[in-house]
$ cat my_file_20.pdb   # PDB, C-alpha atoms
ATOM      1  CA  MET X   1     -21.886   8.476   4.180
ATOM      2  CA  ASN X   2     -18.322   9.506   3.407
ATOM      3  CA  LYS X   3     -16.309   7.951   0.612
ATOM      4  CA  ARG X   4     -14.770   4.656   1.664
ATOM      5  CA  ILE X   5     -11.040   4.194   1.214
ATOM      6  CA  GLU X   6     -10.426   1.861  -1.748
ATOM      7  CA  LEU X   7      -7.755  -0.561  -0.573
ATOM      8  CA  ILE X   8      -5.498  -3.353  -1.815
ATOM      9  CA  VAL X   9      -3.596  -5.626   0.569
ATOM     10  CA  LEU X  10      -0.362  -7.256  -0.622
ATOM     11  CA  GLU X  11       0.533  -9.732   2.128
ATOM     12  CA  ASP X  12       1.812 -13.269   1.587
ATOM     13  CA  ALA X  13       1.340 -14.693   5.111
ATOM     14  CA  ALA X  14      -2.200 -16.076   5.128
ATOM     15  CA  ASP X  15      -2.719 -15.515   8.857
ATOM     16  CA  GLU X  16      -1.591 -11.873   8.638
ATOM     17  CA  ARG X  17      -3.599 -11.289   5.445
ATOM     18  CA  ASN X  18      -6.705 -12.827   7.054
ATOM     19  CA  ALA X  19      -6.242 -10.706  10.191
ATOM     20  CA  LEU X  20      -6.091  -7.579   8.015
ATOM     21  CA  ILE X  21      -9.190  -8.682   6.091
ATOM     22  CA  GLU X  22     -11.036  -9.181   9.401
ATOM     23  CA  GLN X  23     -10.111  -5.673  10.502
ATOM     24  CA  ILE X  24     -11.167  -4.221   7.136
ATOM     25  CA  ASP X  25     -14.488  -6.094   7.298
ATOM     26  CA  ALA X  26     -15.068  -4.785  10.843
ATOM     27  CA  LYS X  27     -14.530  -1.250   9.535
ATOM     28  CA  ASN X  28     -16.385  -1.656   6.245
ATOM     29  CA  GLU X  29     -18.041   1.743   6.615
ATOM     30  CA  TYR X  30     -14.537   3.222   6.099
ATOM     31  CA  PHE X  31     -12.861   0.732   3.745
ATOM     32  CA  HIS X  32     -13.623  -1.128   0.536
ATOM     33  CA  LEU X  33     -11.239  -4.026  -0.082
ATOM     34  CA  ASN X  34     -10.551  -4.380  -3.808
ATOM     35  CA  LEU X  35      -8.067  -7.231  -3.453
ATOM     36  CA  ALA X  36      -6.047  -9.161  -0.871
ATOM     37  CA  THR X  37      -3.232 -11.193  -2.397
ATOM     38  CA  GLY X  38       0.261 -12.535  -1.873
ATOM     39  CA  SER X  39       1.224 -11.847  -5.494
ATOM     40  CA  SER X  40       3.010  -8.611  -6.367
ATOM     41  CA  THR X  41       2.033  -9.057 -10.031
ATOM     42  CA  GLU X  42      -1.647  -9.489  -9.188
ATOM     43  CA  ALA X  43      -1.546  -6.456  -6.878
ATOM     44  CA  PHE X  44       0.199  -4.346  -9.544
ATOM     45  CA  ASN X  45      -2.380  -5.333 -12.180
ATOM     46  CA  GLU X  46      -5.189  -4.390  -9.784
ATOM     47  CA  VAL X  47      -3.589  -1.009  -9.011
ATOM     48  CA  THR X  48      -3.234  -0.172 -12.701
ATOM     49  CA  SER X  49      -6.809  -1.177 -13.508
ATOM     50  CA  ARG X  50      -8.670   0.213 -10.468
ATOM     51  CA  CYS X  51      -6.684   3.188  -9.166
ATOM     52  CA  PRO X  52      -7.193   2.431  -5.441
ATOM     53  CA  ASP X  53      -6.620   5.037  -2.742
ATOM     54  CA  ALA X  54      -4.087   2.950  -0.843
ATOM     55  CA  VAL X  55      -2.089  -0.269  -0.877
ATOM     56  CA  ILE X  56      -0.815  -2.013   2.244
ATOM     57  CA  VAL X  57       2.424  -3.629   1.031
ATOM     58  CA  ASP X  58       4.270  -6.328   2.941
ATOM     59  CA  LEU X  59       7.914  -5.905   1.985
ATOM     60  CA  GLU X  60       8.985  -9.541   2.236
ATOM     61  CA  LEU X  61       6.778 -11.957   0.325
ATOM     62  CA  HIS X  62       8.418 -15.249   1.339
ATOM     63  CA  ASP X  63       5.253 -17.298   0.763
ATOM     64  CA  GLY X  64       3.966 -15.222  -2.133
ATOM     65  CA  GLU X  65       5.059 -14.229  -5.609
ATOM     66  CA  GLY X  66       7.506 -11.381  -6.158
ATOM     67  CA  ASP X  67       8.413  -9.003  -3.346
ATOM     68  CA  GLY X  68       7.459  -5.619  -1.996
ATOM     69  CA  PHE X  69      10.491  -3.869  -3.464
ATOM     70  CA  GLU X  70       9.604  -5.179  -6.927
ATOM     71  CA  PHE X  71       6.033  -3.963  -6.455
ATOM     72  CA  LEU X  72       7.189  -0.491  -5.359
ATOM     73  CA  GLN X  73       9.584  -0.269  -8.315
ATOM     74  CA  ASN X  74       6.848  -1.291 -10.755
ATOM     75  CA  ILE X  75       4.466   1.323  -9.328
ATOM     76  CA  LYS X  76       7.181   3.991  -9.540
ATOM     77  CA  ASN X  77       8.012   3.079 -13.155
ATOM     78  CA  ALA X  78       4.347   3.010 -14.218
ATOM     79  CA  HIS X  79       3.892   6.802 -13.837
ATOM     80  CA  LEU X  80       0.277   6.225 -12.820
ATOM     81  CA  PRO X  81      -2.205   9.084 -13.229
ATOM     82  CA  CYS X  82      -3.534   8.389  -9.721
ATOM     83  CA  PRO X  83      -0.803   6.696  -7.690
ATOM     84  CA  PRO X  84      -2.029   5.064  -4.483
ATOM     85  CA  TYR X  85      -0.807   5.851  -0.989
ATOM     86  CA  LEU X  86       1.777   3.115  -0.331
ATOM     87  CA  LEU X  87       1.856   1.925   3.267
ATOM     88  CA  VAL X  88       4.661  -0.610   3.703
ATOM     89  CA  THR X  89       4.629  -3.124   6.546
ATOM     90  CA  THR X  90       7.692  -5.173   7.402
ATOM     91  CA  TRP X  91       9.329  -7.290  10.087
ATOM     92  CA  ASN X  92      12.664  -5.850   8.972
ATOM     93  CA  ILE X  93      13.952  -3.112  11.296
ATOM     94  CA  SER X  94      16.879  -1.881   9.193
ATOM     95  CA  GLN X  95      16.917   1.876   8.574
ATOM     96  CA  LEU X  96      18.567   1.136   5.209
ATOM     97  CA  THR X  97      15.571  -0.995   4.262
ATOM     98  CA  PHE X  98      13.148   1.746   5.367
ATOM     99  CA  ASN X  99      15.072   4.319   3.324
ATOM    100  CA  ALA X 100      15.172   2.051   0.257
ATOM    101  CA  ALA X 101      11.394   1.568   0.452
ATOM    102  CA  ARG X 102      10.887   5.337   0.708
ATOM    103  CA  GLU X 103      13.179   5.954  -2.283
ATOM    104  CA  LEU X 104      10.976   3.590  -4.281
ATOM    105  CA  GLY X 105       7.886   5.585  -3.370
ATOM    106  CA  ALA X 106       6.641   4.206  -0.046
ATOM    107  CA  ASP X 107       4.666   6.905   1.716
ATOM    108  CA  TYR X 108       4.991   5.302   5.138
ATOM    109  CA  VAL X 109       6.874   2.312   6.578
ATOM    110  CA  LEU X 110       5.278   0.582   9.553
ATOM    111  CA  SER X 111       7.348  -1.921  11.509
ATOM    112  CA  LYS X 112       5.580  -5.131  12.481
ATOM    113  CA  ALA X 113       8.411  -5.692  14.977
ATOM    114  CA  ARG X 114       7.004  -3.016  17.296
ATOM    115  CA  ARG X 115       5.736  -4.454  20.552
ATOM    116  CA  ASP X 116       2.350  -2.750  20.143
ATOM    117  CA  TYR X 117       1.836  -3.660  16.460
ATOM    118  CA  THR X 118      -1.538  -5.183  15.567
ATOM    119  CA  PRO X 119      -3.207  -5.758  12.182
ATOM    120  CA  GLU X 120      -5.367  -2.743  13.003
ATOM    121  CA  GLU X 121      -2.362  -0.365  12.947
ATOM    122  CA  PRO X 122      -2.176   0.138   9.154
ATOM    123  CA  LEU X 123      -5.910   0.851   9.081
ATOM    124  CA  LYS X 124      -5.661   3.345  11.952
ATOM    125  CA  LEU X 125      -2.966   5.167  10.023
ATOM    126  CA  LEU X 126      -5.061   5.262   6.845
ATOM    127  CA  LEU X 127      -8.085   6.508   8.796
ATOM    128  CA  SER X 128      -5.976   9.292  10.302
ATOM    129  CA  ILE X 129      -5.293  10.614   6.776
ATOM    130  CA  LYS X 130      -8.615   9.687   5.134
ATOM    131  CA  HIS X 131      -9.262  13.349   4.293
ATOM    132  CA  LEU X 132      -6.455  13.037   1.715
ATOM    133  CA  PHE X 133      -8.505  10.473  -0.194
ATOM    134  CA  ALA X 134     -11.808  12.371  -0.165
ATOM    135  CA  ASN X 135     -11.210  14.504  -3.266
ATOM    136  CA  ARG X 136      -8.559  12.415  -4.944
ATOM    137  CA  VAL X 137      -8.305  13.047  -8.663
ATOM    138  CA  PRO X 138      -5.828  11.842 -11.255
ATOM    139  CA  LYS X 139      -2.759  14.032 -11.498
ATOM    140  CA  ASP X 140      -1.730  15.778 -14.689
ATOM    141  CA  THR X 141       0.398  13.163 -16.400
ATOM    142  CA  SER X 142       1.782  15.412 -19.127
ATOM    143  CA  ALA X 143       4.783  16.413 -16.957
ATOM    144  CA  SER X 144       5.295  12.801 -15.859
ATOM    145  CA  ALA X 145       5.133  11.572 -19.437
ATOM    146  CA  ALA X 146       7.624  14.223 -20.541
ATOM    147  CA  ARG X 147      10.050  13.205 -17.766
ATOM    148  CA  ALA X 148       9.674   9.546 -18.712
ATOM    149  CA  GLU X 149      10.478  10.381 -22.339
ATOM    150  CA  GLU X 150      13.575  12.318 -21.293
ATOM    151  CA  GLU X 151      14.812   9.353 -19.249
ATOM    152  CA  HIS X 152      14.812   7.086 -22.318
TER     153      HIS X 152
END
$ encode --input "my_file_20.pdb" --output "structure tokens"
Amino acid sequence: MNKRIELIVLEDAADERNALIEQIDAKNEYFHLNLATGSSTEAFNEVTSRCPDAVIVDLELHDGEGDGFEFLQNIKNAHLPCPPYLLVTTWNISQLTFNAARELGADYVLSKARRDYTPEEPLKLLLSIKHLFANRVPKDTSASAARAEEEH
């Protein structure tokens, strides 16, 4: 059996979060769900303690705590030794918003406003790049730490 993708879901809308969980459960030979939450703080704490392969991040957390931009900024500022793949989902279709998410470290931005969007789409994308997670090891943080020191 191949390594399962360790995954965190940050989604505030209960129906969308539950639909994602259903899809993850249906594909449990490929995914291990560490956490599904609507709280950016809870998701950040889980990322820093578990070093997951990927995080599906809803950008607007209207019914949750915090927001996706805050989460992305916190991940960027943390200089993690093994940063997760950050797959952003959003109903927002603004190119400025997409660019802002990418500047904060989003690896991919997936629009929920697409006519063919389903909760399976983020998982399909992650499966298409699963080979990237197979031999994932922490990066050398000495250069990152030195850059962080220079910034202060």
$ closest_residue --input "my_file_20.pdb" --among "X:Val109, X:Leu127, X:Ala26, X:Leu10" --to "X:Asn45" --atoms "only C-alpha atoms"
X:Leu10
$ residues_near_point --input "my_file_20.pdb" --point "(2.5, -13.9, 6.7)" --cutoff "12 Å" --atoms "all atoms listed in the file" --output "ChimeraX atom specification"
/X:9-20,37-38,57-64,89-91,112,119
$ atom_distance --input "my_file_20.pdb" --atom1 "atom CA of X:Cys51" --atom2 "atom CA of X:Pro83"
7.0 Å
$ residues_around --input "my_file_20.pdb" --residues "X:Glu103" --least-positions-apart "4" --cutoff "10 Å" --atoms "only C-alpha atoms" --output "list in words"
Leu72, Gln73, Lys76, Thr97, Phe98, Asn99 and Asp107 of chain X
$ atom_distance --input "my_file_20.pdb" --atom1 "atom CA of X:Phe133" --atom2 "atom CA of X:Tyr30"
11.3 Å
$ atom_distance --input "my_file_20.pdb" --atom1 "atom CA of X:Leu86" --atom2 "atom CA of X:Asn74"
12.4 Å
$ closest_residue --input "my_file_20.pdb" --among "X:Lys27, X:His32, X:Lys124, X:Arg102" --to "X:Ile5" --atoms "all atoms listed in the file"
X:His32
$ residues_near_point --input "my_file_20.pdb" --point "(-10.9, 0.4, -10.7)" --cutoff "12 Å" --atoms "all atoms listed in the file" --output "PyMOL selection string"
chain X and resi 6-8+32-35+45-53+82+84
$ closest_residue --input "my_file_20.pdb" --among "X:Glu22, X:Asp67, X:Glu29, X:Glu121" --to "X:Ala43" --atoms "all atoms listed in the file"
X:Asp67
$ closest_residue --input "my_file_20.pdb" --among "X:Leu126, X:His131, X:Ser111, X:Ile21" --to "X:Ser94" --atoms "all atoms listed in the file"
X:Ser111
$ closest_residue --input "my_file_20.pdb" --among "X:Ala100, X:Ala78, X:Leu87, X:Ile93" --to "X:Ala54" --atoms "all atoms listed in the file"
X:Leu87
$ closest_residue --input "my_file_20.pdb" --among "X:Ile24, X:Ile56, X:Ile75, X:Ala134" --to "X:Tyr108" --atoms "all atoms listed in the file"
X:Ile56
$ axis_aligned_box --input "my_file_20.pdb" --around "stretch 27-43 of chain X" --padding-each-side "4 Å" --output "JSON"
{"center_x": -7.5, "center_y": -4.7, "center_z": -0.2, "size_x": 29.1, "size_y": 23.8, "size_z": 27.6}
$ build_atoms --input "my_file_20.pdb" --residues "stretch 35-69 of chain X" --atoms "N, CA and C atoms" --output "PDB file, in the frame of the given file"
ATOM      1  N   LEU X  35      -8.817  -5.998  -3.267  1.00  0.00           N
ATOM      2  CA  LEU X  35      -8.067  -7.231  -3.453  1.00  0.00           C
ATOM      3  C   LEU X  35      -7.162  -7.466  -2.255  1.00  0.00           C
ATOM      4  N   ALA X  36      -7.050  -8.726  -1.846  1.00  0.00           N
ATOM      5  CA  ALA X  36      -6.047  -9.161  -0.871  1.00  0.00           C
ATOM      6  C   ALA X  36      -5.326 -10.332  -1.517  1.00  0.00           C
ATOM      7  N   THR X  37      -4.003 -10.197  -1.660  1.00  0.00           N
ATOM      8  CA  THR X  37      -3.232 -11.193  -2.397  1.00  0.00           C
ATOM      9  C   THR X  37      -1.817 -11.288  -1.849  1.00  0.00           C
ATOM     10  N   GLY X  38      -1.151 -12.370  -2.183  1.00  0.00           N
ATOM     11  CA  GLY X  38       0.261 -12.535  -1.873  1.00  0.00           C
ATOM     12  C   GLY X  38       1.128 -12.376  -3.113  1.00  0.00           C
ATOM     13  N   SER X  39       0.527 -11.978  -4.216  1.00  0.00           N
ATOM     14  CA  SER X  39       1.224 -11.847  -5.494  1.00  0.00           C
ATOM     15  C   SER X  39       1.452 -10.379  -5.839  1.00  0.00           C
ATOM     16  N   SER X  40       2.723  -9.995  -5.999  1.00  0.00           N
ATOM     17  CA  SER X  40       3.010  -8.611  -6.367  1.00  0.00           C
ATOM     18  C   SER X  40       2.501  -8.295  -7.769  1.00  0.00           C
ATOM     19  N   THR X  41       2.536  -9.268  -8.668  1.00  0.00           N
ATOM     20  CA  THR X  41       2.033  -9.057 -10.031  1.00  0.00           C
ATOM     21  C   THR X  41       0.527  -8.826 -10.021  1.00  0.00           C
ATOM     22  N   GLU X  42      -0.187  -9.639  -9.277  1.00  0.00           N
ATOM     23  CA  GLU X  42      -1.647  -9.489  -9.188  1.00  0.00           C
ATOM     24  C   GLU X  42      -2.010  -8.139  -8.565  1.00  0.00           C
ATOM     25  N   ALA X  43      -1.287  -7.753  -7.514  1.00  0.00           N
ATOM     26  CA  ALA X  43      -1.546  -6.456  -6.878  1.00  0.00           C
ATOM     27  C   ALA X  43      -1.263  -5.308  -7.849  1.00  0.00           C
ATOM     28  N   PHE X  44      -0.149  -5.396  -8.579  1.00  0.00           N
ATOM     29  CA  PHE X  44       0.199  -4.346  -9.544  1.00  0.00           C
ATOM     30  C   PHE X  44      -0.887  -4.229 -10.615  1.00  0.00           C
ATOM     31  N   ASN X  45      -1.336  -5.358 -11.151  1.00  0.00           N
ATOM     32  CA  ASN X  45      -2.380  -5.333 -12.180  1.00  0.00           C
ATOM     33  C   ASN X  45      -3.661  -4.686 -11.647  1.00  0.00           C
ATOM     34  N   GLU X  46      -3.988  -4.969 -10.393  1.00  0.00           N
ATOM     35  CA  GLU X  46      -5.189  -4.390  -9.784  1.00  0.00           C
ATOM     36  C   GLU X  46      -5.028  -2.878  -9.594  1.00  0.00           C
ATOM     37  N   VAL X  47      -3.844  -2.450  -9.180  1.00  0.00           N
ATOM     38  CA  VAL X  47      -3.589  -1.009  -9.011  1.00  0.00           C
ATOM     39  C   VAL X  47      -3.747  -0.286 -10.342  1.00  0.00           C
ATOM     40  N   THR X  48      -3.182  -0.851 -11.400  1.00  0.00           N
ATOM     41  CA  THR X  48      -3.234  -0.172 -12.701  1.00  0.00           C
ATOM     42  C   THR X  48      -4.636  -0.172 -13.300  1.00  0.00           C
ATOM     43  N   SER X  49      -5.465  -1.133 -12.931  1.00  0.00           N
ATOM     44  CA  SER X  49      -6.809  -1.177 -13.508  1.00  0.00           C
ATOM     45  C   SER X  49      -7.857  -0.465 -12.650  1.00  0.00           C
ATOM     46  N   ARG X  50      -7.638  -0.348 -11.339  1.00  0.00           N
ATOM     47  CA  ARG X  50      -8.670   0.213 -10.468  1.00  0.00           C
ATOM     48  C   ARG X  50      -8.338   1.545  -9.815  1.00  0.00           C
ATOM     49  N   CYS X  51      -7.080   1.918  -9.772  1.00  0.00           N
ATOM     50  CA  CYS X  51      -6.684   3.188  -9.166  1.00  0.00           C
ATOM     51  C   CYS X  51      -7.165   3.308  -7.715  1.00  0.00           C
ATOM     52  N   PRO X  52      -6.749   2.382  -6.843  1.00  0.00           N
ATOM     53  CA  PRO X  52      -7.193   2.431  -5.441  1.00  0.00           C
ATOM     54  C   PRO X  52      -6.578   3.616  -4.703  1.00  0.00           C
ATOM     55  N   ASP X  53      -7.153   3.950  -3.569  1.00  0.00           N
ATOM     56  CA  ASP X  53      -6.620   5.037  -2.742  1.00  0.00           C
ATOM     57  C   ASP X  53      -5.320   4.635  -2.067  1.00  0.00           C
ATOM     58  N   ALA X  54      -5.244   3.381  -1.623  1.00  0.00           N
ATOM     59  CA  ALA X  54      -4.087   2.950  -0.843  1.00  0.00           C
ATOM     60  C   ALA X  54      -3.798   1.473  -1.063  1.00  0.00           C
ATOM     61  N   VAL X  55      -2.517   1.121  -0.842  1.00  0.00           N
ATOM     62  CA  VAL X  55      -2.089  -0.269  -0.877  1.00  0.00           C
ATOM     63  C   VAL X  55      -1.266  -0.511   0.380  1.00  0.00           C
ATOM     64  N   ILE X  56      -1.630  -1.550   1.122  1.00  0.00           N
ATOM     65  CA  ILE X  56      -0.815  -2.013   2.244  1.00  0.00           C
ATOM     66  C   ILE X  56       0.112  -3.065   1.663  1.00  0.00           C
ATOM     67  N   VAL X  57       1.426  -2.801   1.704  1.00  0.00           N
ATOM     68  CA  VAL X  57       2.424  -3.629   1.031  1.00  0.00           C
ATOM     69  C   VAL X  57       3.334  -4.283   2.052  1.00  0.00           C
ATOM     70  N   ASP X  58       3.283  -5.608   2.148  1.00  0.00           N
ATOM     71  CA  ASP X  58       4.270  -6.328   2.941  1.00  0.00           C
ATOM     72  C   ASP X  58       5.553  -6.368   2.113  1.00  0.00           C
ATOM     73  N   LEU X  59       6.661  -6.007   2.733  1.00  0.00           N
ATOM     74  CA  LEU X  59       7.914  -5.905   1.985  1.00  0.00           C
ATOM     75  C   LEU X  59       8.486  -7.265   1.600  1.00  0.00           C
ATOM     76  N   GLU X  60       8.424  -8.211   2.521  1.00  0.00           N
ATOM     77  CA  GLU X  60       8.985  -9.541   2.236  1.00  0.00           C
ATOM     78  C   GLU X  60       7.835 -10.505   1.934  1.00  0.00           C
ATOM     79  N   LEU X  61       7.831 -11.021   0.738  1.00  0.00           N
ATOM     80  CA  LEU X  61       6.778 -11.957   0.325  1.00  0.00           C
ATOM     81  C   LEU X  61       7.365 -13.363   0.213  1.00  0.00           C
ATOM     82  N   HIS X  62       7.773 -13.927   1.335  1.00  0.00           N
ATOM     83  CA  HIS X  62       8.418 -15.249   1.339  1.00  0.00           C
ATOM     84  C   HIS X  62       7.491 -16.352   0.824  1.00  0.00           C
ATOM     85  N   ASP X  63       6.206 -16.266   1.167  1.00  0.00           N
ATOM     86  CA  ASP X  63       5.253 -17.298   0.763  1.00  0.00           C
ATOM     87  C   ASP X  63       4.434 -16.885  -0.454  1.00  0.00           C
ATOM     88  N   GLY X  64       4.739 -15.734  -1.006  1.00  0.00           N
ATOM     89  CA  GLY X  64       3.966 -15.222  -2.133  1.00  0.00           C
ATOM     90  C   GLY X  64       4.785 -15.225  -3.406  1.00  0.00           C
ATOM     91  N   GLU X  65       4.397 -14.332  -4.312  1.00  0.00           N
ATOM     92  CA  GLU X  65       5.059 -14.229  -5.609  1.00  0.00           C
ATOM     93  C   GLU X  65       5.590 -12.806  -5.748  1.00  0.00           C
ATOM     94  N   GLY X  66       6.874 -12.688  -6.056  1.00  0.00           N
ATOM     95  CA  GLY X  66       7.506 -11.381  -6.158  1.00  0.00           C
ATOM     96  C   GLY X  66       7.942 -10.902  -4.786  1.00  0.00           C
ATOM     97  N   ASP X  67       8.113  -9.579  -4.653  1.00  0.00           N
ATOM     98  CA  ASP X  67       8.413  -9.003  -3.346  1.00  0.00           C
ATOM     99  C   ASP X  67       7.959  -7.552  -3.332  1.00  0.00           C
ATOM    100  N   GLY X  68       7.939  -6.982  -2.149  1.00  0.00           N
ATOM    101  CA  GLY X  68       7.459  -5.619  -1.996  1.00  0.00           C
ATOM    102  C   GLY X  68       8.305  -4.597  -2.719  1.00  0.00           C
ATOM    103  N   PHE X  69       9.623  -4.800  -2.737  1.00  0.00           N
ATOM    104  CA  PHE X  69      10.491  -3.869  -3.464  1.00  0.00           C
ATOM    105  C   PHE X  69      10.170  -3.868  -4.956  1.00  0.00           C
TER     106      PHE X  69
END
